[in-house]
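Engineer: Got a structure here, written out as structure tokens. Questions coming.
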Amino acid sequence: MLHVTAAFLFVGGSVAAGILNTLAVRSELPSEIAALLGLIRRTLPVIFVGVFGTLLFGVWLWHDLHYSLGAAWIWLSLALWVVANALGGIGGRRQEQTRKLAERLAGEGDRPSSELHAALRDPVAHALNYGAGLATLAILALMVWRPGS
Amino acid sequence: MNLALYVHLLGTMTLFGAALTALVTSLAGLPGPTARALLVAVPAWVLALVGGHWLQHDLHLGDSNATWLQLGRNILEPGVLVLLLAIFASWWWVRSANPRAGRVTAGLSGIYIALLAVAWLAMTGKWS
């Protein structure tokens with residue numbers, strides 16, 4: 001129950017961050033973009049509790065349910081957990097730079113800016129965020145199918 | 001069965017994420033983003049419902065009256081009224097800019113999140 005609750009917080013919090021980012025990309029005014037990117041920080045406690053809860057309760061379940069130490073699906077899930085967090089963390093730092101740019105532009109007249117829109121549509125940031133999302137979906141698939149167990 | 005469970009989990013987790021976004025944006029006083037976030041909840045709810053019925057069929061749980069299953073069913077099916085009310089409140093807020101509509105939207109989003117939490121705790125803990 002605790003492991004699944006942590007998974008809900010991890011995935012649900014990531015979905016919320018993704019929706020806020022998408023809403024920011026579709027917005028025009030720097031003030032609105034800064035507000036939406038700033039709200040992503042409010043979802044971080046939910047994501048962090050989920051991230052650490054899935055690891056902690058997952059390892060506990062590993063021991064409790066007597067899964068083999070060599071269970072490939074668990075090791076693969078752990079590797080994807082690291083990948084998802086690394087990509088999400090790097091993507092989040094780029095998002096924070098974009099938020100700061102939006103805040104500065106909001107204070108300088110709050111007019112739509114091509115520089116800000118280029119930062120919002122940065123392909124590297126998109127690749128990092130989508131990569132983190134795909135890794136999370138793959139972890140969920142491994143938890144459901146448990147191949148080889 | 002596994003695909004049904006995956007679809008159900010994906011739907012419910014996305015539903016929780018969309019409701020969480022609506023709560024955060026409504027508390028920040030942003031009507032447009034709140035309404036759009038709540039619209040994301042609609043396809044997520046459909047996914048959760050389809051996955052739930054599919055799973056119920058595969059596990060032959062159609063006639064079961066287990067508490068955990070009843071709670072999950074009632075929160076997903078009649079419980080969608082809370083989500084629909086939140087969507088209507090958010091559109092009222094977009095059209096009227098009335099702060100009371102924003103407070104109603106935030107309250108309904110919070111209630112819906114609490115209902116979803118009860119459902120996932122009941123279903124994973126197999127409450128009897």
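Ligands are numbered from 1 in the order shown, chains are lettered A, B, ... in the order of the structure tokens, and residues start at 1 in each chain.
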Residues of chain B that have any atom at most 8 Å from an atom of chain A: could you tabulate them with the shortest-distance atom pair and the distance in Å to one decimal, using only C-alpha atoms, ordered by chain and increasing number, as CSV?

Structural biologist:
residue,atom,partner,partner_atom,distance
B:Asn2,CA,A:Trp145,CA,6.1
B:Leu5,CA,A:Val144,CA,7.2
B:Tyr6,CA,A:Val144,CA,6.5
B:Met13,CA,A:Gly12,CA,5.1
B:Thr14,CA,A:Gly12,CA,5.8
B:Leu15,CA,A:Gly12,CA,7.7
B:Phe16,CA,A:Gly12,CA,5.5
B:Gly17,CA,A:Gly12,CA,3.9
B:Ala18,CA,A:Ala16,CA,5.9
B:Leu20,CA,A:Ala16,CA,6.3
B:Thr21,CA,A:Ala16,CA,5.0
B:Val24,CA,A:Leu39,CA,7.1
B:Thr25,CA,A:Leu39,CA,7.4
B:Pro33,CA,A:Leu23,CA,6.7
B:Ala37,CA,A:Ile19,CA,6.9
B:Trp120,CA,A:Thr5,CA,7.3
B:Leu121,CA,A:Met1,CA,6.4
B:Thr124,CA,A:Met1,CA,5.0
B:Gly125,CA,A:Met1,CA,5.3

Engineer: So which residues touch Leu78 in chain A within 12 Å, counting only C-alpha atoms, skipping near sequence neighbours fewer than 5 positions away, as a ChimeraX atom specification?

Structural biologist: /A:51-52,54-56,58-59,62,71-73,83-85,135-136,138-140,142-143

Engineer: Print the selection's residues with N, CA and C atoms to a file, as a CSV table (one decimal), in the first residue's frame.

Structural biologist:
chain,number,residue,atom,x,y,z
A,51,VAL,N,9.4,9.9,-5.0
A,51,VAL,CA,10.7,9.3,-5.5
A,51,VAL,C,11.3,8.5,-4.4
A,52,PHE,N,11.5,9.1,-3.1
A,52,PHE,CA,12.2,8.4,-2.1
A,52,PHE,C,11.3,7.3,-1.5
A,54,THR,N,9.1,5.4,-3.2
A,54,THR,CA,9.1,4.2,-4.1
A,54,THR,C,10.4,3.4,-3.9
A,55,LEU,N,11.5,4.1,-3.7
A,55,LEU,CA,12.8,3.4,-3.5
A,55,LEU,C,12.8,2.6,-2.1
A,56,LEU,N,12.4,3.4,-1.0
A,56,LEU,CA,12.4,2.8,0.3
A,56,LEU,C,11.5,1.6,0.4
A,58,GLY,N,10.0,0.0,-2.0
A,58,GLY,CA,10.3,-1.0,-3.0
A,58,GLY,C,11.3,-1.9,-2.5
A,59,VAL,N,12.4,-1.4,-1.9
A,59,VAL,CA,13.5,-2.3,-1.4
A,59,VAL,C,12.9,-3.1,-0.2
A,62,TRP,N,10.9,-5.9,-1.7
A,62,TRP,CA,11.9,-6.8,-2.4
A,62,TRP,C,12.3,-7.9,-1.3
A,71,ALA,N,17.0,-10.6,-9.4
A,71,ALA,CA,15.8,-10.3,-10.3
A,71,ALA,C,16.1,-9.1,-11.2
A,72,ALA,N,16.2,-9.5,-12.5
A,72,ALA,CA,16.6,-8.5,-13.5
A,72,ALA,C,15.6,-7.3,-13.6
A,73,TRP,N,14.3,-7.6,-13.5
A,73,TRP,CA,13.3,-6.5,-13.6
A,73,TRP,C,13.4,-5.5,-12.5
A,83,VAL,N,17.9,7.0,-13.9
A,83,VAL,CA,17.8,7.7,-15.1
A,83,VAL,C,16.7,8.8,-15.1
A,84,ALA,N,15.5,8.4,-14.6
A,84,ALA,CA,14.3,9.3,-14.5
A,84,ALA,C,14.7,10.5,-13.7
A,85,ASN,N,15.3,10.2,-12.5
A,85,ASN,CA,15.6,11.3,-11.6
A,85,ASN,C,16.7,12.2,-12.1
A,135,ALA,N,11.0,7.1,-18.9
A,135,ALA,CA,11.6,6.1,-18.0
A,135,ALA,C,10.7,5.8,-16.8
A,136,THR,N,9.9,6.8,-16.4
A,136,THR,CA,8.9,6.6,-15.4
A,136,THR,C,7.8,5.6,-15.8
A,138,ALA,N,8.2,3.3,-18.1
A,138,ALA,CA,8.8,2.0,-18.2
A,138,ALA,C,8.9,1.3,-16.8
A,139,ILE,N,9.2,2.1,-15.8
A,139,ILE,CA,9.3,1.6,-14.4
A,139,ILE,C,7.9,1.0,-14.1
A,140,LEU,N,6.9,1.8,-14.3
A,140,LEU,CA,5.5,1.3,-14.0
A,140,LEU,C,5.2,0.0,-14.8
A,142,LEU,N,7.4,-2.2,-15.8
A,142,LEU,CA,8.1,-3.3,-15.1
A,142,LEU,C,7.5,-3.8,-13.8
A,143,MET,N,6.9,-2.8,-13.1
A,143,MET,CA,6.3,-3.2,-11.8
A,143,MET,C,5.0,-4.0,-12.0

Engineer: Show me, as a list in words, the residues that have an atom within 7 Å of range 91-95 of chain B when counting only C-alpha atoms, minus same-chain residues fewer than 5 positions from it.

Structural biologist: Pro31, Gly32, Ala35, Ala101 and Gly102 of chain B

Engineer: Would you kindly return, as a list in words, each protein, DNA or RNA residue with an atom no farther than 9 Å from any atom of Leu49 in chain B, considering only C-alpha atoms and excluding same-chain residues fewer than 4 positions away?

Structural biologist: His8, Gly11, Thr12, Ala44, Trp45, His53, Trp54, Arg73, Leu76 and Glu77 of chain B

Engineer: If we count only C-alpha atoms, what is near Gly91 in chain A at a cut-off of 12 Å, once residues fewer than 4 positions away on the same chain are taken out, given as a ChimeraX atom specification?

Structural biologist: /A:17-18,21,83-87,95-98,120,122-133

Engineer: Please dump the current selection as a PDB file, in the first residue's frame; keep C-alpha atoms.

Structural biologist:
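What follows is the written file out-v7.pdb:
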ATOM      1  CA  ALA A  17       4.835  19.262 -13.431  1.00  0.00           C
ATOM      2  CA  GLY A  18       4.435  18.179 -17.072  1.00  0.00           C
ATOM      3  CA  ASN A  21       5.300  23.063 -18.238  1.00  0.00           C
ATOM      4  CA  VAL A  83      17.787   7.740 -15.134  1.00  0.00           C
ATOM      5  CA  ALA A  84      14.339   9.323 -14.539  1.00  0.00           C
ATOM      6  CA  ASN A  85      15.627  11.345 -11.584  1.00  0.00           C
ATOM      7  CA  ALA A  86      18.831  12.426 -13.326  1.00  0.00           C
ATOM      8  CA  LEU A  87      16.985  13.552 -16.472  1.00  0.00           C
ATOM      9  CA  GLN A  95      13.341  25.112 -16.550  1.00  0.00           C
ATOM     10  CA  GLU A  96      14.479  27.221 -13.585  1.00  0.00           C
ATOM     11  CA  GLN A  97      16.733  29.296 -15.888  1.00  0.00           C
ATOM     12  CA  THR A  98      13.748  29.830 -18.204  1.00  0.00           C
ATOM     13  CA  LEU A 120      10.556  27.268 -23.672  1.00  0.00           C
ATOM     14  CA  ASP A 122      14.476  24.235 -26.239  1.00  0.00           C
ATOM     15  CA  PRO A 123      14.767  20.730 -27.790  1.00  0.00           C
ATOM     16  CA  VAL A 124      17.333  19.595 -25.197  1.00  0.00           C
ATOM     17  CA  ALA A 125      15.000  20.495 -22.313  1.00  0.00           C
ATOM     18  CA  HIS A 126      12.111  18.743 -24.083  1.00  0.00           C
ATOM     19  CA  ALA A 127      14.252  15.636 -24.667  1.00  0.00           C
ATOM     20  CA  LEU A 128      15.257  15.580 -20.975  1.00  0.00           C
ATOM     21  CA  ASN A 129      11.661  15.948 -19.763  1.00  0.00           C
ATOM     22  CA  TYR A 130      10.214  13.405 -22.206  1.00  0.00           C
ATOM     23  CA  GLY A 131      13.094  11.040 -21.382  1.00  0.00           C
ATOM     24  CA  ALA A 132      12.294  11.281 -17.659  1.00  0.00           C
ATOM     25  CA  GLY A 133       8.592  10.671 -18.410  1.00  0.00           C
TER      26      GLY A 133
END

Engineer: For Leu55 in chain B, find every residue with an atom within 12 Å (counting only C-alpha atoms), except residues of its own chain fewer than 2 positions away, and show them as a VMD selection string.

Structural biologist: chain B and resid 1 to 9 47 to 53 57 to 62 69

Engineer: So that I can see what lies close to Gly79 in chain B, please list as a PyMOL selection string the residues with an atom at most 9 Å from it, counting only C-alpha atoms and leaving out residues fewer than 4 positions away in the same chain.

Structural biologist: chain B and resi 73-75+83+112+115

Engineer: Just list as a VMD selection string whatever in range 12-80 of chain B DSSP marks as helix (DSSP H, G or I).

Structural biologist: chain B and resid 12 to 27 31 to 58 67 to 76 80

Engineer: Any chance you can output those residues with C-alpha atoms as a PDB file, in the first residue's frame?

Structural biologist:
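The resulting file, selection.pdb, is reproduced below:
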ATOM      1  CA  THR B  12      -5.760   7.027 -12.138  1.00  0.00           C
ATOM      2  CA  MET B  13      -2.241   8.417 -11.691  1.00  0.00           C
ATOM      3  CA  THR B  14      -2.786  10.933 -14.516  1.00  0.00           C
ATOM      4  CA  LEU B  15      -6.174  11.808 -12.996  1.00  0.00           C
ATOM      5  CA  PHE B  16      -4.452  12.534  -9.671  1.00  0.00           C
ATOM      6  CA  GLY B  17      -1.793  14.629 -11.459  1.00  0.00           C
ATOM      7  CA  ALA B  18      -4.414  16.688 -13.312  1.00  0.00           C
ATOM      8  CA  ALA B  19      -6.429  17.307 -10.115  1.00  0.00           C
ATOM      9  CA  LEU B  20      -3.221  18.274  -8.301  1.00  0.00           C
ATOM     10  CA  THR B  21      -2.377  20.754 -11.073  1.00  0.00           C
ATOM     11  CA  ALA B  22      -5.890  22.236 -10.829  1.00  0.00           C
ATOM     12  CA  LEU B  23      -5.535  22.622  -7.059  1.00  0.00           C
ATOM     13  CA  VAL B  24      -2.138  24.346  -7.381  1.00  0.00           C
ATOM     14  CA  THR B  25      -3.228  26.703 -10.186  1.00  0.00           C
ATOM     15  CA  SER B  26      -6.557  27.545  -8.525  1.00  0.00           C
ATOM     16  CA  LEU B  27      -4.834  28.400  -5.237  1.00  0.00           C
ATOM     17  CA  PRO B  31      -8.475  30.531 -13.901  1.00  0.00           C
ATOM     18  CA  GLY B  32      -7.427  29.652 -17.488  1.00  0.00           C
ATOM     19  CA  PRO B  33      -4.686  27.141 -16.559  1.00  0.00           C
ATOM     20  CA  THR B  34      -7.023  25.598 -13.926  1.00  0.00           C
ATOM     21  CA  ALA B  35      -9.755  24.969 -16.508  1.00  0.00           C
ATOM     22  CA  ARG B  36      -7.257  23.490 -18.981  1.00  0.00           C
ATOM     23  CA  ALA B  37      -5.705  21.244 -16.306  1.00  0.00           C
ATOM     24  CA  LEU B  38      -9.155  19.912 -15.376  1.00  0.00           C
ATOM     25  CA  LEU B  39      -9.829  19.079 -19.026  1.00  0.00           C
ATOM     26  CA  VAL B  40      -6.763  16.790 -18.963  1.00  0.00           C
ATOM     27  CA  ALA B  41      -8.552  14.879 -16.190  1.00  0.00           C
ATOM     28  CA  VAL B  42     -11.388  13.832 -18.545  1.00  0.00           C
ATOM     29  CA  PRO B  43      -9.435  11.450 -20.843  1.00  0.00           C
ATOM     30  CA  ALA B  44      -7.512  10.234 -17.776  1.00  0.00           C
ATOM     31  CA  TRP B  45     -10.818   9.369 -16.073  1.00  0.00           C
ATOM     32  CA  VAL B  46     -11.965   7.473 -19.199  1.00  0.00           C
ATOM     33  CA  LEU B  47      -8.680   5.509 -19.196  1.00  0.00           C
ATOM     34  CA  ALA B  48      -9.089   4.713 -15.471  1.00  0.00           C
ATOM     35  CA  LEU B  49     -12.697   3.596 -16.004  1.00  0.00           C
ATOM     36  CA  VAL B  50     -11.946   1.416 -19.047  1.00  0.00           C
ATOM     37  CA  GLY B  51      -8.943  -0.165 -17.277  1.00  0.00           C
ATOM     38  CA  GLY B  52     -10.988  -0.723 -14.111  1.00  0.00           C
ATOM     39  CA  HIS B  53     -13.862  -2.498 -15.882  1.00  0.00           C
ATOM     40  CA  TRP B  54     -11.456  -4.519 -18.005  1.00  0.00           C
ATOM     41  CA  LEU B  55      -9.561  -5.617 -14.863  1.00  0.00           C
ATOM     42  CA  GLN B  56     -12.827  -6.417 -13.040  1.00  0.00           C
ATOM     43  CA  HIS B  57     -13.877  -8.620 -15.983  1.00  0.00           C
ATOM     44  CA  ASP B  58     -10.502 -10.401 -16.187  1.00  0.00           C
ATOM     45  CA  THR B  67     -15.410  -3.000   0.587  1.00  0.00           C
ATOM     46  CA  TRP B  68     -12.221  -2.047  -1.266  1.00  0.00           C
ATOM     47  CA  LEU B  69     -13.876  -2.722  -4.621  1.00  0.00           C
ATOM     48  CA  GLN B  70     -17.107  -0.869  -3.713  1.00  0.00           C
ATOM     49  CA  LEU B  71     -15.095   2.144  -2.536  1.00  0.00           C
ATOM     50  CA  GLY B  72     -13.012   2.169  -5.709  1.00  0.00           C
ATOM     51  CA  ARG B  73     -16.094   1.825  -7.923  1.00  0.00           C
ATOM     52  CA  ASN B  74     -18.075   4.527  -6.092  1.00  0.00           C
ATOM     53  CA  ILE B  75     -15.204   6.995  -6.134  1.00  0.00           C
ATOM     54  CA  LEU B  76     -14.441   6.402  -9.814  1.00  0.00           C
ATOM     55  CA  VAL B  80     -16.883  11.824 -11.256  1.00  0.00           C
TER      56      VAL B  80
END

Engineer: Work out how far CA of Arg121 in chain A is from CA of Phe48 in chain A, in Å to one decimal.

Structural biologist: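 Distance reported for this atom pair: 25.7 Å.
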
Engineer: Using only C-alpha atoms for the distances, tell me which of A:Leu80, A:Ala106, A:Leu37, A:Val49 is nearest to Gly92 in chain A.

Structural biologist: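 Selected residue with least distance to Gly92 in chain A: A:Leu37.
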
Engineer: To one decimal in Å, tell me the separation between CA of Lys126 in chain B and CA of Ala66 in chain B.

Structural biologist: 8.4 Å

Engineer: Please measure the separation of CA of Phe88 in chain B and CA of Ala114 in chain B, giving the value in Å to one decimal.

Structural biologist: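 Rounded to one decimal, the two atoms are 19.2 Å apart.
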
Engineer: Kindly indicate which residue among A:Arg99, A:Arg104, A:Arg93, A:Arg111 lies nearest to Glu28 in chain A, using only C-alpha atoms for the distances.

Structural biologist: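 Of the candidates, the smallest distance to Glu28 in chain A is held by A:Arg111.
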